[in-house]
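Colleague: Take a look at this one; I'll ask things after.
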Amino acid sequence: MNRIFQILVCIMLFVASCSQKQTTVYQYCNQLNISDTNMLINNELDSSLQLSEQRYLVYFHKESCSFCFGGFSDFLKNINDYRFDSLLIVACDAYDFVQTNYFLKKSNLTLPSNTRIIIDPKNKIFDEMTNTYGDINLFLIEDKRILYNNNTAYFKYDETYGYVIDPNPQKNSNISSSCKIR
């Protein structure tokens with residue numbers, strides 16, 4: 001009898017978890033507001049990025065990684081999922097933004113008019129970001145406080161909801177190691 005009860009509880013939990021609505025990136029990022037509990041961004045990064053009090057969307061893009069361009073392209077296609085004043089792109093492994101501009105043009109994508117690009121050929125900014133925050137390539141920052149950060153490789157696309165935040169990114173087996181920002 002106890003075994004049957006355990007099985008029924010497991011089935012009910014499984015059904016309940018499957019029927020929950022996904023949290024979209026749009027819903028999550030647009031409900032975030034700054035508070036004193038948000039962590040301040042690393043001072044070294046702050047001075048390198050030259051942040052003001054605006055709401056920035058900061059994207060670390062590996063210019064030399066063709067696979068990473070696919071993730072960057074998906075990010076730009078869904079840029080309206082984020083509420084921000086200015087997009088800041090840090091181009092790692094790059095002396096220019098020519099290759100990415102070529103792929104953007106070929107894909108009929110354009111950067112928002114409020115975009116600033118920082119070229120980071122020696123990965124000084126990238127290394128500081130990696131040493132401080134790890135495997136992250138996307139930050140939502142307001143008033144020099146981090147509202148949200150994630151690796152966009154861990155977003156998953158849902159046919160119904162669009163991009164959703166994967167609650168179990170470690171289980172996402174289709175993420176290439178070359179796509180990870182490290």
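Please note that chains go A, B, ... in the order of the structure tokens, that every chain numbers its residues from 1, and that ligands are numbered from 1 in the order shown.
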Pick out the residues sitting within 8 Å of Ile146 (chain A), and hand them over as an MDAnalysis selection string; count only C-alpha atoms, and ignore anything fewer than 4 positions along from it in its own chain.

Modeller: chainID A and resid 38:41 139:142

Colleague: CA of Gly70 (chain A) and CA of Asp46 (chain A) are how many Å apart?

Modeller: 27.5 Å

Colleague: Find the residue from A:Glu63, A:Phe75, A:Leu87, A:Asp135 that sits nearest to Thr100 (chain A); use only C-alpha atoms when measuring.

Modeller: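 Among the listed residues, the smallest separation from Thr100 (chain A) belongs to A:Glu63.
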
Colleague: Find the spatial neighbours of Asn108 (chain A), counting only C-alpha atoms, within a cut-off of 12 Å - ignore same-chain residues fewer than 6 positions away - and output them as a PDB file with N, CA and C atoms, in the first residue's frame.

Modeller:
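Saved file around.pdb follows:
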```pdb
ATOM      1  N   SER A  73      23.521  35.713 -33.393  1.00  0.00           N
ATOM      2  CA  SER A  73      22.441  35.959 -34.350  1.00  0.00           C
ATOM      3  C   SER A  73      21.076  35.710 -33.710  1.00  0.00           C
ATOM      4  N   LEU A  76      20.269  38.520 -31.370  1.00  0.00           N
ATOM      5  CA  LEU A  76      19.806  39.732 -32.051  1.00  0.00           C
ATOM      6  C   LEU A  76      18.387  39.581 -32.595  1.00  0.00           C
ATOM      7  N   LYS A  77      18.045  38.389 -33.046  1.00  0.00           N
ATOM      8  CA  LYS A  77      16.682  38.159 -33.538  1.00  0.00           C
ATOM      9  C   LYS A  77      15.657  38.346 -32.431  1.00  0.00           C
ATOM     10  N   ASN A 101      30.014  41.974 -38.790  1.00  0.00           N
ATOM     11  CA  ASN A 101      29.192  42.828 -39.657  1.00  0.00           C
ATOM     12  C   ASN A 101      28.851  42.133 -40.966  1.00  0.00           C
ATOM     13  N   TYR A 102      29.812  41.386 -41.517  1.00  0.00           N
ATOM     14  CA  TYR A 102      29.569  40.629 -42.748  1.00  0.00           C
ATOM     15  C   TYR A 102      28.446  39.606 -42.539  1.00  0.00           C
TER      16      TYR A 102
END
```

Colleague: I need the residue nearest Thr152 (chain A) from this list: A:Leu32, A:Ile117, A:Ile125, A:Ile79. Use only C-alpha atoms for the distance.

Modeller: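 Nearest to Thr152 (chain A): A:Ile79.
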
Colleague: Write out as an NGL selection string all residues of region 21-160 of chain A that backbone DSSP assigns to alpha helix (DSSP H).

Modeller: :A and (25-30 or 43-49 or 66-77 or 98-106 or 124-133)

Colleague: As a PyMOL selection string, list the residues of region 16-179 of chain A assigned to strand (DSSP E or B) by DSSP on the backbone atoms of this structure.

Modeller: chain A and resi 24+40+55-62+86-92+115-120+138-142+145-150+155-158+162-165

Colleague: Those selected residues, please, written with N, CA and C atoms and delivered as a compact mmCIF listing (two decimals), in the first residue's frame.

Modeller:
```txt
# COMPACT_ATOMS: atom_id res chain seq x y z
N THR A 24 9.55 32.82 -19.86
CA THR A 24 10.25 33.31 -21.04
C THR A 24 11.32 34.32 -20.63
N LEU A 40 26.91 44.95 -7.27
CA LEU A 40 27.62 45.91 -8.10
C LEU A 40 28.54 45.17 -9.05
N ARG A 55 20.49 51.62 -18.33
CA ARG A 55 20.22 50.17 -18.30
C ARG A 55 20.91 49.58 -19.53
N TYR A 56 22.00 48.85 -19.29
CA TYR A 56 22.79 48.27 -20.38
C TYR A 56 22.50 46.80 -20.53
N LEU A 57 22.51 46.37 -21.76
CA LEU A 57 22.54 44.96 -22.08
C LEU A 57 23.95 44.74 -22.61
N VAL A 58 24.76 43.99 -21.88
CA VAL A 58 26.18 43.77 -22.25
C VAL A 58 26.31 42.33 -22.75
N TYR A 59 26.82 42.20 -23.97
CA TYR A 59 26.98 40.89 -24.60
C TYR A 59 28.45 40.69 -24.94
N PHE A 60 29.04 39.61 -24.42
CA PHE A 60 30.42 39.25 -24.75
C PHE A 60 30.39 38.30 -25.94
N HIS A 61 30.96 38.75 -27.05
CA HIS A 61 30.89 38.02 -28.32
C HIS A 61 32.30 37.63 -28.76
N LYS A 62 32.52 36.33 -28.97
CA LYS A 62 33.82 35.86 -29.45
C LYS A 62 33.83 36.00 -30.97
N SER A 86 20.75 50.83 -23.76
CA SER A 86 21.89 50.76 -24.65
C SER A 86 22.43 49.34 -24.69
N LEU A 87 22.77 48.87 -25.90
CA LEU A 87 23.40 47.57 -26.08
C LEU A 87 24.90 47.80 -26.15
N LEU A 88 25.64 47.05 -25.37
CA LEU A 88 27.09 47.14 -25.36
C LEU A 88 27.65 45.77 -25.73
N ILE A 89 28.39 45.71 -26.83
CA ILE A 89 28.97 44.45 -27.29
C ILE A 89 30.47 44.50 -27.06
N VAL A 90 30.98 43.51 -26.36
CA VAL A 90 32.43 43.38 -26.17
C VAL A 90 32.89 42.30 -27.14
N ALA A 91 33.64 42.70 -28.15
CA ALA A 91 34.11 41.76 -29.17
C ALA A 91 35.46 41.21 -28.73
N CYS A 92 35.47 39.96 -28.29
CA CYS A 92 36.68 39.30 -27.82
C CYS A 92 37.44 38.72 -29.00
N THR A 115 23.69 51.01 -29.98
CA THR A 115 24.72 49.99 -29.74
C THR A 115 26.10 50.62 -29.69
N ARG A 116 26.89 50.18 -28.74
CA ARG A 116 28.30 50.57 -28.66
C ARG A 116 29.12 49.29 -28.67
N ILE A 117 30.16 49.26 -29.48
CA ILE A 117 31.02 48.08 -29.61
C ILE A 117 32.39 48.39 -29.01
N ILE A 118 32.85 47.52 -28.14
CA ILE A 118 34.20 47.63 -27.57
C ILE A 118 35.02 46.47 -28.13
N ILE A 119 36.10 46.81 -28.79
CA ILE A 119 36.99 45.80 -29.35
C ILE A 119 38.00 45.41 -28.28
N ASP A 120 38.13 44.11 -28.06
CA ASP A 120 39.00 43.58 -26.98
C ASP A 120 39.99 42.58 -27.58
N LEU A 138 26.15 37.24 -21.10
CA LEU A 138 25.09 38.23 -21.19
C LEU A 138 24.82 38.82 -19.80
N PHE A 139 24.84 40.14 -19.73
CA PHE A 139 24.57 40.85 -18.48
C PHE A 139 23.51 41.91 -18.74
N LEU A 140 22.59 42.07 -17.82
CA LEU A 140 21.67 43.19 -17.81
C LEU A 140 22.07 44.03 -16.61
N ILE A 141 22.57 45.24 -16.87
CA ILE A 141 23.15 46.08 -15.83
C ILE A 141 22.45 47.44 -15.82
N GLU A 142 22.09 47.87 -14.64
CA GLU A 142 21.52 49.21 -14.49
C GLU A 142 22.18 49.88 -13.29
N ARG A 145 24.76 48.04 -11.41
CA ARG A 145 24.36 46.85 -10.65
C ARG A 145 23.85 45.79 -11.62
N ILE A 146 24.22 44.55 -11.36
CA ILE A 146 23.82 43.44 -12.22
C ILE A 146 22.41 43.00 -11.86
N LEU A 147 21.50 43.16 -12.80
CA LEU A 147 20.12 42.71 -12.60
C LEU A 147 19.98 41.24 -12.98
N TYR A 148 20.73 40.84 -14.01
CA TYR A 148 20.60 39.48 -14.54
C TYR A 148 21.87 39.16 -15.30
N ASN A 149 22.30 37.89 -15.23
CA ASN A 149 23.39 37.42 -16.08
C ASN A 149 23.17 35.95 -16.38
N ASN A 150 23.64 35.54 -17.54
CA ASN A 150 23.46 34.16 -17.96
C ASN A 150 24.36 33.91 -19.16
N PHE A 155 19.91 29.16 -23.00
CA PHE A 155 18.51 29.42 -23.32
C PHE A 155 18.05 28.30 -24.23
N LYS A 156 16.80 27.95 -24.13
CA LYS A 156 16.28 26.96 -25.05
C LYS A 156 15.06 27.54 -25.75
N TYR A 157 14.85 27.11 -26.97
CA TYR A 157 13.74 27.63 -27.75
C TYR A 157 12.54 26.71 -27.59
N ASP A 158 11.42 27.31 -27.24
CA ASP A 158 10.16 26.59 -27.09
C ASP A 158 9.22 27.08 -28.18
N GLY A 162 8.74 30.86 -27.25
CA GLY A 162 9.97 31.53 -27.68
C GLY A 162 11.12 31.10 -26.78
N TYR A 163 12.09 31.98 -26.56
CA TYR A 163 13.23 31.62 -25.73
C TYR A 163 12.82 31.60 -24.27
N VAL A 164 13.16 30.50 -23.62
CA VAL A 164 12.84 30.32 -22.21
C VAL A 164 14.13 30.06 -21.46
N ILE A 165 14.08 30.33 -20.17
CA ILE A 165 15.24 30.10 -19.32
C ILE A 165 15.22 28.65 -18.88
```

Colleague: Taking only C-alpha atoms into account, name the residue in A:Glu159, A:Asp96, A:Asp143, A:Asp85 that is nearest to Leu51 (chain A).

Modeller: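 That would be A:Asp143, the residue with the smallest distance to Leu51 (chain A).
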
Colleague: If we count only C-alpha atoms and set the cut-off at 12 Å, which residues sit around Asp127 (chain A), ignoring sequence neighbours fewer than 2 positions away in its own chain? Please answer as a PDB file with C-alpha atoms, in the first residue's frame.

Modeller:
```pdb
ATOM      1  CA  GLU A  44      37.771  46.714 -13.196  1.00  0.00           C
ATOM      2  CA  LEU A  45      34.982  45.811 -15.635  1.00  0.00           C
ATOM      3  CA  SER A  48      36.778  49.117 -18.912  1.00  0.00           C
ATOM      4  CA  PHE A  60      30.421  39.248 -24.745  1.00  0.00           C
ATOM      5  CA  VAL A  90      32.425  43.384 -26.173  1.00  0.00           C
ATOM      6  CA  CYS A  92      36.683  39.298 -27.818  1.00  0.00           C
ATOM      7  CA  ASP A  93      39.574  37.982 -29.917  1.00  0.00           C
ATOM      8  CA  ASP A 120      38.995  43.583 -26.985  1.00  0.00           C
ATOM      9  CA  PRO A 121      41.881  42.130 -29.070  1.00  0.00           C
ATOM     10  CA  LYS A 122      43.984  40.966 -26.128  1.00  0.00           C
ATOM     11  CA  ASN A 123      40.954  39.721 -24.149  1.00  0.00           C
ATOM     12  CA  LYS A 124      41.739  41.999 -21.208  1.00  0.00           C
ATOM     13  CA  ILE A 125      38.056  42.766 -20.552  1.00  0.00           C
ATOM     14  CA  MET A 129      34.810  39.027 -16.844  1.00  0.00           C
ATOM     15  CA  THR A 130      35.627  35.303 -16.962  1.00  0.00           C
ATOM     16  CA  ASN A 131      37.750  35.410 -13.807  1.00  0.00           C
ATOM     17  CA  THR A 132      35.002  37.238 -11.927  1.00  0.00           C
ATOM     18  CA  TYR A 133      31.777  35.745 -13.308  1.00  0.00           C
ATOM     19  CA  GLY A 134      32.741  32.505 -15.073  1.00  0.00           C
ATOM     20  CA  ASP A 135      30.797  31.079 -17.990  1.00  0.00           C
ATOM     21  CA  ILE A 136      28.607  34.143 -18.639  1.00  0.00           C
ATOM     22  CA  ASN A 137      28.173  36.113 -21.874  1.00  0.00           C
ATOM     23  CA  ILE A 181      32.320  31.693 -23.417  1.00  0.00           C
ATOM     24  CA  ARG A 182      35.417  30.369 -21.621  1.00  0.00           C
TER      25      ARG A 182
END
```

Colleague: For a quick check of understanding, using only C-alpha atoms, which of A:Phe72, A:Lys144, A:Asn151, A:Thr160 has the smallest distance to Asn43 (chain A)?

Modeller: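 Among the listed residues, A:Lys144 lies closest to Asn43 (chain A).
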
Colleague: In Å, rounded to a single decimal, give me how far CA of Lys106 (chain A) is from CA of Cys68 (chain A).

Modeller: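 One can read the CA of Cys68 (chain A) to CA of Lys106 (chain A) distance as 15.7 Å.
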
Colleague: CA of Tyr82 (chain A) and CA of Glu53 (chain A) are how many Å apart?

Modeller: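 Those two atoms sit 17.1 Å apart.
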
Colleague: Pick the closest to Gln54 (chain A) from A:Asn114, A:Tyr161, A:Phe97, A:Asn30: which is it, counting only C-alpha atoms?

Modeller: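 So, comparing all the options, the nearest one is A:Asn114.
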